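Worksheet: one structure, shown below.
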Amino acid sequence: MCGISGYISDKKLDGSKMTSSLTHRGPDHTGEYSENFNNKQIFLGHNRLSIIDLSELGNQPMSTPDGSVKMVFNGEIYNFRELKEKFLKNHPFRSKTDTEVMLYLYEKLGISFVNEMNGDFAIAIFDKKISKLFLIRDRAGVKPLYYYHKGDTFIFGSEIKSIIASGIQPELAEEHLLNYFVFKYTPGNTTLFRNVNRLNPGCYLEYDVNKNTARISSYWSLKKNAQYASLSYSEAQDTFYNLIKDAVNIRLISDVPVGTFLSGGLDSSIIAYFLKGNSSITHYCASKNTADLKKEGTTSDFYYASKLAKDWDLKLSEINIGKDELNLSQVKTTVYYSDDLIADGSQVTSYLITKAAGEKSKVILSGMGADESFLGYAGQMLVLLSSYFDKLPGMVSDPLMHFFRSLNQGKGALLAYRRYVHKIGNYYFYPRQYKYGFYTIVGNFENSCAVYKGNKEVPIQYVSGYFPEGADTFECLHHFEAENFLVKNLHYMDKVSMANSVECRVPFLDHRLMEFAFSIPREYKLSNFFKSKRILKDTFKSNLPDYVLNRRKAGFGMPLRSILSSPEKVNQLLDKSFFSNFAGFSMEGIDRVIENHISGKEDNSSIVYALISFQEWYKINF
């Protein structure tokens, strides 16, 4: 895992500052290549975190012997040895790295080489022979890649801070602010920095040096795979078992210590199952105190993780999170490293875990992605429940939905269930083309719009684009979450783990598993009786203990509902006077959102946290 950066411009930019801004991503070596090519300044930078072949032979930028092709690469290619044997059996190699294999594979196959790879990657290739720069991003979007294109200047980097470090003046893209507050990140390929975009997952960008043009092509998209489409449920279980086993095993490739996130939940326990008996692996778990858990209405991950660790003789490390860990300094830290602004308390948790884990393990396996692919979120269950209510007469469903909508979300018994029930009542009467998407977003839509006076049709139209009339609802939902919520989660996980020079790997997002999950029937994943991640539970019912299989789902993030229920804590973290400097913010709306959250009438913790995050992000960048 590393950091990459570079530019092509008529003028010389500050390449060294670009690489120094990404030192945290690769503290083991910094490499730079620059030259004047066809009257253009060309620069490629690389910050190396040594994972495979720790010798200096793995340093980058890497070049073909004749110097015609230069490459900088971030990530891991899990099948690089097989590709080396298949395509480059007699080719001479200097190193044992996957980077060198990719370099020569590109030289042999051209840009189509990307179709051969199984891995997580962001790659930049400068090919002098055709005067082109290629940027390539992995299928799931595990590794981030950003670019800036204005006039005769093209800049790219693993993080936006490296683009800004080149010397450009950052500009706030106010037109995306409402989307940020609704989704708690900017969806699609946009960011809150004007002229800075993400390269979408499964895509490559082709920049013509002579013409100053950029063209983006998709080399992979989530589609049904015919080999999985007609599997019986029993056959699907066998297929899933073999796929996840291989996905875990190939992600153990490393010349440095490996660990895992272990929550005692289903996904991370499946990964841990394949690692039983491997005493070299440390498992890390976040621990919340009893008071926070009670206010959150959730269960304790550490209780289950420690029970599993004892039963399976796993090496477990506890990391405490709670009120003391959420302060302005910690918010600033995660916002600084994220820079592509995301309001998610899970960033803080992930930062704290990887900071502690980084002392022992440079590679961490995560269960991220299982919920999106195999329907494990409460919002997905609400979609199914809503579809059932849609079939009832209005005289039956309508009064019930009005009652659900009237429930307090922030106080009372069965807090988590009350929040979900309120959510279905709140969105049930919205038009079909976007209500199903709204069941899965974090925070109340109307309250999110209340803090910033943007055009509400913008987020509505964005969600509606994923749910065309007549299309299968769950297939639409799968695409919506995979291309938005999942990418957001992957972005924050990459940024905060790499802030601590730790590589995060995600077996459930092996592209073969993603295709498998999309191809099998919804009932295999979420049963008609609301059994979530059904195929995971049934496949591993004889391998995992009942207390893992049957436990209630708990959120991974900071206990924001508990922490932000205190007016003192909100006042400590949020400077309301800051927002009065912007024409678009509604001070009345902000006050109402905060008041209703603290009183317990509503759960607005995600919106309050989005305000705090934006406040600190803006102060850092502008």
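Following the order of the structure tokens, first chain is A, next is B, and so on, with residues numbered from 1 inside each chain and ligands from 1 in the order they appear.
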
- Message: I'd like the contact shell of A:Gly202 - 6 Å cut-off, only C-alpha atoms, skipping same-chain residues fewer than 4 positions apart - returned as number ranges by chain.
- Response: A: 137-139, 218-220

- Task: Fewer than 6 positions away in the same chain doesn't count, so skip those; otherwise give me all residues within 6 Å of A:Phe261, counting only C-alpha atoms, as a ChimeraX atom specification.
- Result: /A:283-284,366

- Message: When you look at stretch 239-246 of chain A with a cut-off of 8 Å (counting only C-alpha atoms), what residues show up, excluding the ones that are within fewer than 3 positions of it in the same chain? I need them as a PyMOL selection string.
- Response: chain A and resi 235-236+249-250+274+507-508+512-513+516+536+539

Saved selection, atoms kept: N, CA and C atoms, as an mmCIF file, in the first residue's frame:
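Result file selection-v5.cif:
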data_model
loop_
_atom_site.group_PDB
_atom_site.id
_atom_site.type_symbol
_atom_site.label_atom_id
_atom_site.label_comp_id
_atom_site.auth_asym_id
_atom_site.auth_seq_id
_atom_site.Cartn_x
_atom_site.Cartn_y
_atom_site.Cartn_z
ATOM 1 N N GLU A 235 -26.223 -25.267 -3.611
ATOM 2 C CA GLU A 235 -25.058 -25.019 -4.481
ATOM 3 C C GLU A 235 -24.480 -23.631 -4.225
ATOM 4 N N ALA A 236 -25.352 -22.671 -3.983
ATOM 5 C CA ALA A 236 -24.894 -21.303 -3.710
ATOM 6 C C ALA A 236 -24.091 -21.243 -2.418
ATOM 7 N N ASN A 249 -7.754 -16.162 2.001
ATOM 8 C CA ASN A 249 -6.410 -16.740 1.924
ATOM 9 C C ASN A 249 -5.462 -15.938 1.034
ATOM 10 N N ILE A 250 -5.959 -15.467 -0.122
ATOM 11 C CA ILE A 250 -5.053 -14.725 -1.008
ATOM 12 C C ILE A 250 -4.698 -13.362 -0.423
ATOM 13 N N PHE A 274 -11.246 -18.685 9.242
ATOM 14 C CA PHE A 274 -10.213 -19.222 8.363
ATOM 15 C C PHE A 274 -8.802 -18.976 8.908
ATOM 16 N N PRO A 507 -11.760 -8.844 2.075
ATOM 17 C CA PRO A 507 -12.060 -10.085 1.336
ATOM 18 C C PRO A 507 -13.458 -10.127 0.724
ATOM 19 N N PHE A 508 -14.458 -9.558 1.404
ATOM 20 C CA PHE A 508 -15.824 -9.612 0.879
ATOM 21 C C PHE A 508 -15.987 -8.783 -0.395
ATOM 22 N N ARG A 512 -15.047 -11.323 -7.537
ATOM 23 C CA ARG A 512 -15.778 -12.567 -7.794
ATOM 24 C C ARG A 512 -16.938 -12.725 -6.814
ATOM 25 N N LEU A 513 -16.699 -12.338 -5.573
ATOM 26 C CA LEU A 513 -17.757 -12.394 -4.557
ATOM 27 C C LEU A 513 -18.835 -11.353 -4.826
ATOM 28 N N PHE A 516 -20.970 -12.708 -7.550
ATOM 29 C CA PHE A 516 -21.769 -13.805 -7.014
ATOM 30 C C PHE A 516 -22.971 -13.263 -6.242
ATOM 31 N N LEU A 536 -24.859 -16.300 4.359
ATOM 32 C CA LEU A 536 -23.682 -16.309 5.221
ATOM 33 C C LEU A 536 -23.961 -17.114 6.486
ATOM 34 N N THR A 539 -24.492 -20.922 5.619
ATOM 35 C CA THR A 539 -23.255 -21.571 5.182
ATOM 36 C C THR A 539 -22.347 -21.884 6.367
#

- Query: Smallest atom-to-atom distance to A:Phe156: which of A:Met18, A:His91, A:Gln41, A:Pro187, using only C-alpha atoms?
  - Reply: A:Met18

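Straight-line separation from atom CA of A:Asn489 to atom CA of A:Ala122: 16.8 Å.
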
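One distance worth recording is that between atom CA of A:Ala356 and atom CA of A:Met368, which is 19.2 Å.
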